[in-house]
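*Asks:* Sending over run-v1.txt (compact mmCIF, C-alpha atoms (C1' of nucleotides)).
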```txt
# COMPACT_ATOMS: atom_id res chain seq x y z
CA MET U 1 129.66 158.97 55.23
CA SER U 2 126.56 160.92 56.21
CA THR U 3 124.17 161.93 53.46
CA ASP U 4 124.21 165.42 54.85
CA SER U 5 127.52 166.27 56.43
CA SER U 6 128.37 169.03 58.84
CA ALA U 7 130.61 169.45 61.86
CA PRO U 8 129.52 167.42 64.87
CA LYS U 9 129.79 169.07 68.21
CA PRO U 10 131.71 166.89 70.62
CA PRO U 11 129.56 166.09 73.63
CA ALA U 12 131.12 167.03 76.95
CA ALA U 13 132.79 163.88 78.24
CA THR U 14 133.59 165.38 81.62
CA PRO U 15 131.21 168.23 82.41
CA GLY U 16 133.27 169.61 85.28
CA ALA U 17 136.62 171.05 84.29
CA GLY U 18 138.29 170.40 87.64
CA PRO U 19 140.93 167.74 88.27
CA PRO U 20 139.43 164.36 87.45
CA ALA U 21 140.08 162.78 90.83
CA ASP U 22 138.27 159.59 89.84
CA PRO U 23 138.02 159.23 86.10
CA PRO U 24 134.60 157.93 85.17
CA GLY U 25 134.82 154.20 84.66
CA PHE U 26 133.90 154.34 81.05
CA GLU U 27 136.95 156.35 80.07
CA LEU U 28 139.24 153.35 80.39
CA PRO U 29 137.60 151.10 77.78
CA LEU U 30 137.23 154.03 75.42
CA ARG U 31 140.90 154.95 75.74
CA LEU U 32 141.89 151.36 75.10
CA PHE U 33 139.80 151.28 71.98
CA LEU U 34 141.07 154.65 70.80
CA GLY U 35 144.63 153.47 71.32
CA PHE U 36 143.95 150.41 69.23
CA ARG U 37 142.18 152.38 66.56
CA THR U 38 144.89 155.02 66.41
CA LEU U 39 147.61 152.44 65.88
CA ILE U 40 145.65 150.55 63.25
CA ASP U 41 144.73 153.70 61.36
CA GLU U 42 148.30 154.93 61.35
CA LEU U 43 149.52 151.53 60.26
CA HIS U 44 147.24 151.52 57.25
CA ALA U 45 147.99 155.08 56.29
CA GLU U 46 151.68 154.21 56.21
CA LEU U 47 151.04 150.88 54.54
CA ALA U 48 149.19 152.70 51.78
CA ARG U 49 152.15 155.03 51.35
CA GLN U 50 154.44 152.01 51.04
CA GLY U 51 152.52 150.49 48.16
CA HIS U 52 149.73 148.60 49.91
CA PRO U 53 146.71 150.86 49.62
CA ASP U 54 144.17 148.04 49.38
CA VAL U 55 144.88 146.23 52.62
CA ARG U 56 142.07 146.65 55.12
CA PRO U 57 142.54 146.26 58.87
CA MET U 58 140.95 142.83 58.85
CA HIS U 59 143.29 141.58 56.14
CA GLY U 60 146.34 141.99 58.29
CA PHE U 61 144.91 139.84 61.00
CA VAL U 62 143.72 137.28 58.52
CA MET U 63 147.13 137.06 56.86
CA GLN U 64 148.77 136.85 60.25
CA ALA U 65 146.42 133.98 61.02
CA ILE U 66 147.24 132.30 57.73
CA GLY U 67 150.89 132.40 58.64
CA THR U 68 153.91 131.49 56.56
CA ARG U 69 152.96 127.82 56.42
CA GLY U 70 149.51 128.38 54.97
CA THR U 71 146.22 126.98 56.12
CA THR U 72 142.75 126.09 54.87
CA ALA U 73 139.50 128.03 54.86
CA ALA U 74 137.89 125.90 57.53
CA GLU U 75 140.90 126.06 59.81
CA LEU U 76 141.16 129.80 59.28
CA GLY U 77 137.51 130.24 60.19
CA ARG U 78 138.10 128.37 63.42
CA ARG U 79 141.12 130.49 64.27
CA LEU U 80 139.28 133.71 63.65
CA GLY U 81 136.03 132.64 65.22
CA VAL U 82 133.92 133.00 62.09
CA SER U 83 132.25 130.48 59.82
CA LYS U 84 134.33 128.75 57.20
CA GLN U 85 132.15 130.40 54.58
CA ALA U 86 133.02 133.85 55.85
CA ALA U 87 136.67 132.88 55.98
CA GLY U 88 136.35 131.62 52.42
CA LYS U 89 134.97 134.94 51.26
CA THR U 90 137.78 136.84 52.94
CA ILE U 91 140.23 134.54 51.21
CA ASP U 92 138.47 135.28 47.90
CA ALA U 93 139.00 138.98 48.49
CA LEU U 94 142.67 138.54 49.40
CA GLU U 95 143.16 136.34 46.36
CA ARG U 96 141.55 138.96 44.15
CA ILE U 97 144.03 141.62 45.25
CA GLY U 98 146.92 139.22 45.00
CA TYR U 99 147.88 138.68 48.62
CA VAL U 100 147.17 134.98 48.89
CA GLU U 101 146.91 132.07 46.49
CA ARG U 102 145.20 128.71 46.71
CA GLY U 103 146.97 125.46 46.07
CA THR U 104 146.06 121.83 46.52
CA ASP U 105 147.18 119.59 49.33
CA PRO U 106 148.94 116.54 47.81
CA GLY U 107 148.12 114.53 50.90
CA ASP U 108 144.40 115.37 51.11
CA ALA U 109 142.37 116.06 48.00
CA ARG U 110 139.62 117.83 49.93
CA ARG U 111 141.83 120.57 51.28
CA LYS U 112 142.90 123.67 49.42
CA ILE U 113 145.86 125.26 51.06
CA VAL U 114 145.87 129.03 51.22
CA ARG U 115 149.33 130.57 51.15
CA LEU U 116 150.63 134.11 51.25
CA THR U 117 152.03 135.37 48.00
CA GLU U 118 155.23 137.36 47.93
CA ARG U 119 153.17 140.50 47.97
CA GLY U 120 151.19 139.25 50.95
CA THR U 121 154.37 138.46 52.84
CA ASP U 122 155.76 141.85 51.95
CA SER U 123 152.76 143.59 53.47
CA LEU U 124 153.21 141.59 56.64
CA VAL U 125 156.90 142.35 56.88
CA ARG U 126 156.21 146.03 56.37
CA SER U 127 153.39 145.95 58.92
CA ALA U 128 155.75 144.54 61.49
CA ARG U 129 158.29 147.29 60.84
CA ILE U 130 155.63 149.99 60.93
CA PHE U 131 154.26 148.68 64.20
CA GLU U 132 157.76 148.85 65.64
CA ASP U 133 158.03 152.42 64.48
CA LEU U 134 154.67 153.33 65.95
CA ARG U 135 155.65 151.71 69.18
CA ALA U 136 158.86 153.70 69.11
CA GLY U 137 156.77 156.83 68.72
CA TRP U 138 154.82 155.96 71.83
CA ALA U 139 158.05 155.18 73.61
CA LYS U 140 159.31 158.64 72.74
CA THR U 141 156.18 160.21 74.23
CA LEU U 142 155.86 158.02 77.29
CA GLY U 143 159.39 156.79 77.84
CA GLU U 144 160.45 153.26 77.15
CA ASP U 145 159.91 152.05 80.71
CA ARG U 146 156.43 153.52 81.02
CA LEU U 147 155.50 151.85 77.75
CA ARG U 148 156.91 148.56 78.90
CA ALA U 149 154.92 148.93 82.10
CA LEU U 150 151.80 149.62 80.09
CA GLU U 151 152.34 146.54 77.98
CA SER U 152 153.07 144.31 80.91
CA ASP U 153 150.09 145.67 82.82
CA LEU U 154 147.84 144.98 79.87
CA ARG U 155 149.21 141.46 79.73
CA LEU U 156 148.08 141.00 83.31
CA VAL U 157 144.47 141.99 82.71
CA THR U 158 143.86 140.45 79.30
CA PRO U 159 143.48 136.83 78.29
CA PRO U 160 146.78 135.24 77.29
CA ASP U 161 145.48 134.04 73.95
CA LEU U 162 146.32 137.14 71.88
CA PHE U 163 144.78 135.89 68.68
CA ARG U 164 141.15 135.35 69.38
CA LEU U 165 139.59 138.58 68.20
CA ASP U 166 136.48 137.49 66.34
CA VAL U 167 135.60 141.09 65.72
CA PRO U 168 133.16 140.62 62.87
CA GLY U 169 129.70 141.40 64.12
CA TRP U 170 130.64 141.42 67.74
CA PHE U 171 130.14 145.05 68.51
CA GLY U 172 127.28 146.29 66.49
CA GLY U 173 123.71 145.85 66.41
CA TYR U 174 120.26 147.12 65.94
CA GLN U 175 119.10 143.76 67.24
CA MET G 26 129.30 130.67 65.35
CA SER G 27 131.12 128.21 63.10
CA THR G 28 129.03 125.64 61.29
CA ASP G 29 131.46 123.04 62.45
CA SER G 30 133.07 123.91 65.74
CA SER G 31 136.17 122.51 67.32
CA ALA G 32 139.01 123.89 69.37
CA PRO G 33 141.30 126.22 67.44
CA LYS G 34 144.98 125.87 68.08
CA PRO G 35 146.44 129.25 68.99
CA PRO G 36 149.23 130.14 66.59
CA ALA G 37 152.53 130.81 68.28
CA ALA G 38 152.68 134.55 68.87
CA THR G 39 156.26 134.47 70.05
CA PRO G 40 158.07 131.44 68.70
CA GLY G 41 160.99 131.65 71.07
CA ALA G 42 160.12 131.04 74.72
CA GLY G 43 162.90 133.17 76.13
CA PRO G 44 162.40 136.55 77.78
CA PRO G 45 160.68 138.81 75.24
CA ALA G 46 163.31 141.51 75.27
CA ASP G 47 161.60 143.40 72.47
CA PRO G 48 157.95 142.50 72.23
CA PRO G 49 156.87 142.30 68.61
CA GLY G 50 155.20 145.55 67.65
CA PHE G 51 151.89 144.01 66.92
CA GLU G 52 151.35 142.85 70.48
CA LEU G 53 150.54 146.35 71.69
CA PRO G 54 147.51 147.02 69.47
CA LEU G 55 146.22 143.53 70.14
CA ARG G 56 146.52 143.96 73.87
CA LEU G 57 144.72 147.28 73.70
CA PHE G 58 141.91 145.70 71.77
CA LEU G 59 141.73 142.71 74.08
CA GLY G 60 141.57 145.02 77.07
CA PHE G 61 138.70 146.89 75.50
CA ARG G 62 136.91 143.73 74.53
CA THR G 63 137.38 142.15 77.91
CA LEU G 64 135.86 145.13 79.70
CA ILE G 65 132.94 145.38 77.31
CA ASP G 66 132.21 141.67 77.48
CA GLU G 67 132.31 141.67 81.25
CA LEU G 68 130.11 144.74 81.35
CA HIS G 69 127.44 143.08 79.27
CA ALA G 70 127.60 139.81 81.14
CA GLU G 71 126.97 141.69 84.37
CA LEU G 72 124.39 143.95 82.76
CA ALA G 73 122.49 140.86 81.64
CA ARG G 74 122.59 139.55 85.21
CA GLN G 75 121.18 142.85 86.44
CA GLY G 76 118.12 142.73 84.22
CA HIS G 77 119.40 144.14 80.93
CA PRO G 78 120.05 141.09 78.77
CA ASP G 79 119.13 142.78 75.50
CA VAL G 80 121.58 145.65 75.50
CA ARG G 81 124.28 145.20 72.90
CA PRO G 82 127.68 146.89 73.09
CA MET G 83 126.70 149.47 70.50
CA HIS G 84 123.58 150.44 72.42
CA GLY G 85 125.51 151.70 75.40
CA PHE G 86 127.51 154.06 73.25
CA VAL G 87 124.44 155.21 71.41
CA MET G 88 122.57 155.94 74.62
CA GLN G 89 125.61 157.69 76.00
CA ALA G 90 125.62 159.81 72.86
CA ILE G 91 121.91 160.53 73.25
CA GLY G 92 122.58 161.81 76.73
CA THR G 93 120.12 162.95 79.36
CA ARG G 94 118.92 165.91 77.35
CA GLY G 95 117.94 163.90 74.32
CA THR G 96 118.82 164.50 70.70
CA THR G 97 117.56 163.86 67.19
CA ALA G 98 118.34 161.11 64.71
CA ALA G 99 120.30 163.38 62.39
CA GLU G 100 122.35 164.87 65.20
CA LEU G 101 122.99 161.43 66.64
CA GLY G 102 124.17 160.22 63.27
CA ARG G 103 126.66 163.05 63.11
CA ARG G 104 127.95 162.33 66.60
CA LEU G 105 128.47 158.69 65.86
CA GLY G 106 129.80 159.18 62.37
CA VAL G 107 127.04 157.25 60.60
CA SER G 108 124.19 158.30 58.33
CA LYS G 109 121.04 159.64 59.89
CA GLN G 110 119.22 156.65 58.44
CA ALA G 111 121.49 154.23 60.26
CA ALA G 112 121.08 156.25 63.44
CA GLY G 113 117.34 156.12 62.88
CA LYS G 114 117.40 152.35 62.63
CA THR G 115 119.39 152.05 65.82
CA ILE G 116 116.86 154.30 67.52
CA ASP G 117 114.09 152.07 66.19
CA ALA G 118 115.76 149.09 67.81
CA LEU G 119 116.25 150.88 71.12
CA GLU G 120 112.64 152.05 71.02
CA ARG G 121 111.48 148.51 70.36
CA ILE G 122 113.19 147.22 73.49
CA GLY G 123 111.99 150.18 75.51
CA TYR G 124 115.22 152.10 76.14
CA VAL G 125 114.36 155.33 74.30
CA GLU G 126 111.21 157.11 73.23
CA ARG G 127 110.48 159.70 70.57
CA GLY G 128 108.77 162.98 71.30
CA THR G 129 108.17 166.13 69.34
CA ASP G 130 110.08 169.38 69.62
CA PRO G 131 107.63 172.20 70.42
CA GLY G 132 110.00 174.72 68.91
CA ASP G 133 110.62 172.92 65.62
CA ALA G 134 108.00 170.73 64.03
CA ARG G 135 110.52 168.90 61.89
CA ARG G 136 112.52 167.49 64.76
CA LYS G 137 111.64 164.44 66.79
CA ILE G 138 113.53 164.39 70.03
CA VAL G 139 114.81 161.03 71.17
CA ARG G 140 114.98 160.67 74.92
CA LEU G 141 116.10 157.89 77.25
CA THR G 142 113.31 156.14 79.07
CA GLU G 143 113.65 155.30 82.74
CA ARG G 144 114.80 151.85 81.72
CA GLY G 145 117.36 153.33 79.38
CA THR G 146 118.69 155.60 82.08
CA ASP G 147 118.81 152.69 84.49
CA SER G 148 120.98 150.69 82.12
CA LEU G 149 123.34 153.64 81.84
CA VAL G 150 123.55 154.15 85.57
CA ARG G 151 124.25 150.47 86.09
CA SER G 152 126.83 150.49 83.29
CA ALA G 153 128.65 153.30 85.00
CA ARG G 154 128.71 151.41 88.30
CA ILE G 155 129.81 148.20 86.65
CA PHE G 156 132.61 149.99 84.84
CA GLU G 157 133.76 151.40 88.16
CA ASP G 158 133.76 147.90 89.59
CA LEU G 159 135.68 146.51 86.64
CA ARG G 160 138.17 149.31 86.97
CA ALA G 161 138.49 148.50 90.67
CA GLY G 162 139.24 144.92 89.67
CA TRP G 163 142.07 146.08 87.46
CA ALA G 164 143.27 148.35 90.24
CA LYS G 165 143.43 145.37 92.56
CA THR G 166 145.56 143.48 90.04
CA LEU G 167 147.81 146.33 88.98
CA GLY G 168 147.68 148.69 91.91
CA GLU G 169 145.83 151.98 91.81
CA ASP G 170 148.86 154.03 90.82
CA ARG G 171 149.88 151.73 87.99
CA LEU G 172 146.34 151.88 86.66
CA ARG G 173 146.30 155.66 86.92
CA ALA G 174 149.58 155.73 85.08
CA LEU G 175 148.14 153.49 82.39
CA GLU G 176 145.15 155.76 81.97
CA SER G 177 147.17 158.91 81.87
CA ASP G 178 149.65 157.38 79.42
CA LEU G 179 146.81 156.36 77.16
CA ARG G 180 145.46 159.88 77.33
CA LEU G 181 148.81 161.09 76.01
CA VAL G 182 148.82 158.90 72.94
CA THR G 183 145.17 159.00 71.96
CA PRO G 184 143.11 161.81 70.45
CA PRO G 185 141.40 163.93 73.10
CA ASP G 186 137.98 163.51 71.53
CA LEU G 187 136.89 160.38 73.42
CA PHE G 188 133.57 160.02 71.62
CA ARG G 189 134.37 159.60 67.98
CA LEU G 190 134.43 155.87 67.54
CA ASP G 191 132.52 155.31 64.31
CA VAL G 192 133.14 151.62 64.64
CA PRO G 193 130.47 150.43 62.22
CA GLY G 194 132.21 149.04 59.18
CA TRP G 195 135.59 150.43 60.01
CA PHE G 196 137.46 147.25 60.70
CA GLY G 197 136.08 144.56 58.53
CA GLY G 198 135.95 143.80 55.04
CA TYR G 199 136.26 141.54 52.15
CA GLN G 200 136.44 144.54 49.87
C1' DT I 17 133.30 98.15 53.41
C1' DA I 18 130.13 100.76 55.83
C1' DA I 19 129.49 104.68 59.00
C1' DT I 20 131.01 109.02 60.07
C1' DA I 21 133.46 113.30 59.71
C1' DT I 22 135.57 117.05 57.16
C1' DC I 23 136.55 120.04 53.09
C1' DG I 24 135.05 123.42 50.05
C1' DA I 25 131.22 125.17 47.32
C1' DC I 26 126.55 126.95 46.60
C1' DA I 27 122.09 128.99 47.84
C1' DA I 28 119.09 131.42 50.84
C1' DT I 29 118.71 134.57 54.39
C1' DA I 30 119.62 138.14 58.11
C1' DT I 31 121.64 142.28 59.50
C1' DG I 32 123.73 146.71 59.41
C1' DG I 33 124.81 150.00 56.67
C1' DT I 34 124.62 153.10 52.36
C1' DT I 35 122.59 156.46 48.73
C1' DG I 36 118.81 158.62 46.71
C1' DT I 37 114.34 160.59 46.87
C1' DC I 38 110.39 162.60 48.94
C1' DT I 39 107.48 165.86 51.87
C1' DA I 40 107.25 169.05 55.58
C1' DT I 41 109.16 172.68 57.94
C1' DA I 42 112.64 176.52 59.01
C1' DT I 43 115.51 180.21 57.93
C1' DA I 44 117.93 183.77 55.23
C1' DG I 45 118.00 187.09 51.41
C1' DT I 46 115.60 190.16 48.63
C1' DA M 1 105.69 188.92 51.98
C1' DC M 2 108.13 185.76 48.76
C1' DT M 3 111.44 182.99 47.14
C1' DA M 4 115.61 180.21 47.68
C1' DT M 5 117.98 177.18 50.33
C1' DA M 6 118.80 174.05 54.05
C1' DT M 7 117.37 170.64 57.27
C1' DA M 8 114.45 166.80 59.62
C1' DG M 9 112.69 162.51 59.14
C1' DA M 10 110.52 158.73 56.37
C1' DC M 11 110.70 155.33 52.65
C1' DA M 12 112.75 152.46 49.05
C1' DA M 13 116.46 150.30 46.77
C1' DC M 14 120.69 148.50 47.19
C1' DC M 15 125.22 146.75 48.97
C1' DA M 16 128.38 144.32 52.03
C1' DT M 17 129.29 141.03 55.46
C1' DA M 18 128.07 137.41 57.82
C1' DT M 19 125.01 133.65 58.93
C1' DT M 20 122.70 128.66 58.46
C1' DG M 21 121.70 124.86 55.73
C1' DT M 22 122.75 121.71 52.10
C1' DC M 23 125.49 119.12 48.93
C1' DG M 24 129.08 116.13 46.64
C1' DA M 25 133.79 114.69 47.15
C1' DT M 26 137.15 112.79 49.94
C1' DA M 27 139.25 110.85 54.41
C1' DT M 28 139.17 108.20 58.47
C1' DT M 29 137.64 104.83 61.59
C1' DA M 30 135.10 100.89 63.21
```
Give the structure from the file, written as structure tokens.
*Replies:*
Amino acid sequence: MSTDSSAPKPPAATPGAGPPADPPGFELPLRLFLGFRTLIDELHAELARQGHPDVRPMHGFVMQAIGTRGTTAAELGRRLGVSKQAAGKTIDALERIGYVERGTDPGDARRKIVRLTERGTDSLVRSARIFEDLRAGWAKTLGEDRLRALESDLRLVTPPDLFRLDVPGWFGGYQ
Amino acid sequence: MSTDSSAPKPPAATPGAGPPADPPGFELPLRLFLGFRTLIDELHAELARQGHPDVRPMHGFVMQAIGTRGTTAAELGRRLGVSKQAAGKTIDALERIGYVERGTDPGDARRKIVRLTERGTDSLVRSARIFEDLRAGWAKTLGEDRLRALESDLRLVTPPDLFRLDVPGWFGGYQ
DNA sequence: TAATATCGACAATATGGTTGTCTATATAGT
DNA sequence: ACTATATAGACAACCATATTGTCGATATTA
């Protein structure tokens, strides 16, 4: 990580220690992100324990986007909101570690269909189970109805589309 | 974005159209991320309208981490979980667009203190107000108490630290 | 059959990040 | 006071991820 590493001191998020009558507006987005990050990190820790140490967070979403019926690089790029070249490179990486394979399309000689291998499917099946377990953990902490409320509330304030993340370079940037 | 752009067809998230008795586990993390992304996108759209078109999502967090008292590149790197060199480059970028400035530390000739300029502070003040407004928008949709519940529930299932995002390369990756 | 569009590949480039090295300065141990 | 060690910041080299632009092969449509 850092060239020179030492303990960082956490900056005071809320200087006053009193009851946070009105939480500062920027806590909400941060909590949402932390929730996301926590779940994803725990998923991949468990996935590694279950024999999939090489899957990176992005891979799961990519494989999910590939789906059981397979797809092509260009189509995948469109789904994920990145260029077909970038999608192609991700497919290369997944192929290298044995999670997808490329085949030809008998009906269209231009297309190369990308399909999940057995191993790829296995990682997806396990991911689904692990996510259920993680959700169950939250349910134990919050109660099933509070969690359901949280989910349904989030559904109300987020776009319905679910799949359009296009995370790649979205956040960062020197500029 | 894509070299060749056309409308992507959203893959069916829930094949059956009946009542989702048990939402698939992977909806929760996605919703959390979408909530985060929605807020951040709306923040920056509004920020651009208010005279800060060049601020990128990362910049806000960096400036927040710099704080009103200023800091140094190395310290900033530790806070954000990146190398001091990377932090230095981000500071370069922020300096170039006039949001921070470098000064010397009278008590330690090695250190160069990075401080927010007036413009930098202004962007932070406006961000805070915009976040409050966005939160108010959610409160209007969900009701203030449901939103409070959502926030407090998230606080229960996320690490207390708030600031440790180290987003940089975390998600992505061919590998 | 000619015009146009799409697929996948390749090359060049941009960006954001890393490590490694260097000099200057501080600080602790003797 | 002197030496050893640690830290700050700058610079260079490199790596990873994504971009645009181009190309030949194949499909599709007029």
*Asks:* Skipping near chain neighbours, those fewer than 4 positions away, what residues fall within 10 Å of I:DA21 using only C-alpha atoms (C1' of nucleotides), listed as a ChimeraX atom specification?
*Replies:* /M:27-29
*Asks:* Select, as a compact mmCIF listing (two decimals) with C-alpha atoms, in the coordinates of the input, those residues of chain U with any atom no more than 7 Å from chain G (distances computed using all atoms listed in the file).
*Replies:*
```
# COMPACT_ATOMS: atom_id res chain seq x y z
CA MET U 1 129.66 158.97 55.23
CA SER U 2 126.56 160.92 56.21
CA THR U 3 124.17 161.93 53.46
CA PRO U 8 129.52 167.42 64.87
CA GLY U 25 134.82 154.20 84.66
CA PHE U 26 133.90 154.34 81.05
CA LEU U 28 139.24 153.35 80.39
CA PRO U 29 137.60 151.10 77.78
CA LEU U 30 137.23 154.03 75.42
CA ARG U 31 140.90 154.95 75.74
CA LEU U 32 141.89 151.36 75.10
CA PHE U 33 139.80 151.28 71.98
CA LEU U 34 141.07 154.65 70.80
CA GLY U 35 144.63 153.47 71.32
CA PHE U 36 143.95 150.41 69.23
CA THR U 38 144.89 155.02 66.41
CA LEU U 39 147.61 152.44 65.88
CA ARG U 56 142.07 146.65 55.12
CA PRO U 57 142.54 146.26 58.87
CA MET U 58 140.95 142.83 58.85
CA ARG U 78 138.10 128.37 63.42
CA ARG U 79 141.12 130.49 64.27
CA GLY U 81 136.03 132.64 65.22
CA VAL U 82 133.92 133.00 62.09
CA SER U 83 132.25 130.48 59.82
CA LYS U 84 134.33 128.75 57.20
CA LYS U 89 134.97 134.94 51.26
CA THR U 90 137.78 136.84 52.94
CA ALA U 93 139.00 138.98 48.49
CA ALA U 128 155.75 144.54 61.49
CA PHE U 131 154.26 148.68 64.20
CA GLU U 132 157.76 148.85 65.64
CA ARG U 135 155.65 151.71 69.18
CA TRP U 138 154.82 155.96 71.83
CA LEU U 142 155.86 158.02 77.29
CA LEU U 150 151.80 149.62 80.09
CA GLU U 151 152.34 146.54 77.98
CA ASP U 153 150.09 145.67 82.82
CA LEU U 154 147.84 144.98 79.87
CA ARG U 155 149.21 141.46 79.73
CA VAL U 157 144.47 141.99 82.71
CA THR U 158 143.86 140.45 79.30
CA ASP U 161 145.48 134.04 73.95
CA LEU U 162 146.32 137.14 71.88
CA PHE U 163 144.78 135.89 68.68
CA PRO U 168 133.16 140.62 62.87
CA PHE U 171 130.14 145.05 68.51
CA GLY U 172 127.28 146.29 66.49
CA GLY U 173 123.71 145.85 66.41
CA TYR U 174 120.26 147.12 65.94
CA GLN U 175 119.10 143.76 67.24
```
*Asks:* Draw an axis-aligned box over all listed atoms of stretch 53-67 of chain G, pad each side with 3 Å, and write its centre and edge lengths in Å, one decimal, as AutoDock Vina command-line options.
*Replies:*
```
--center_x 141.4 --center_y 144.5 --center_z 75.4 --size_x 24.3 --size_y 11.6 --size_z 17.8
```
*Asks:* When distances are computed from all atoms listed in the file, which of I:DT17, I:DT35, I:DT22, I:DT41 shows the smallest separation from G:Ala134?
*Replies:*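 Residue with the minimum atom-to-atom distance to G:Ala134: I:DT41.
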*Asks:* Excluding G:Arg94 and its own-chain neighbours fewer than 6 positions away, which residues fall within 9 Å of it when counting all atoms listed in the file? Please give them as a list in words.
*Replies:*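 Near neighbours after the sequence-gap exclusion: Val139, Arg140 and Leu141 of chain G.
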*Asks:* Can you tell me, as a ChimeraX atom specification, what residues are no more than 12 Å from M:DC11 when counting only C-alpha atoms (C1' of nucleotides), ignoring any on the same chain fewer than 4 positions away?
*Replies:* /G:110 /I:36-39
*Asks:* Separation of atom C1' of I:DT20 and atom CA of U:Ile113, in Å?
*Replies:*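 Interatomic distance, atom C1' of I:DT20 to atom CA of U:Ile113: 23.8 Å.
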*Asks:* Looking at I:DA18, I:DC23, I:DA30, I:DA40, which one is nearest to chain G, with distances taken over all atoms listed in the file?
*Replies:*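 Ranking I:DA18, I:DC23, I:DA30, I:DA40 by distance to chain G, first place goes to I:DA40.
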*Asks:* Smallest atom-to-atom distance to chain G: which of I:DC26, I:DA19, I:DA42, I:DT31, using all atoms listed in the file?
*Replies:*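 Counting all atoms listed in the file, the residue closest to chain G is I:DA42.
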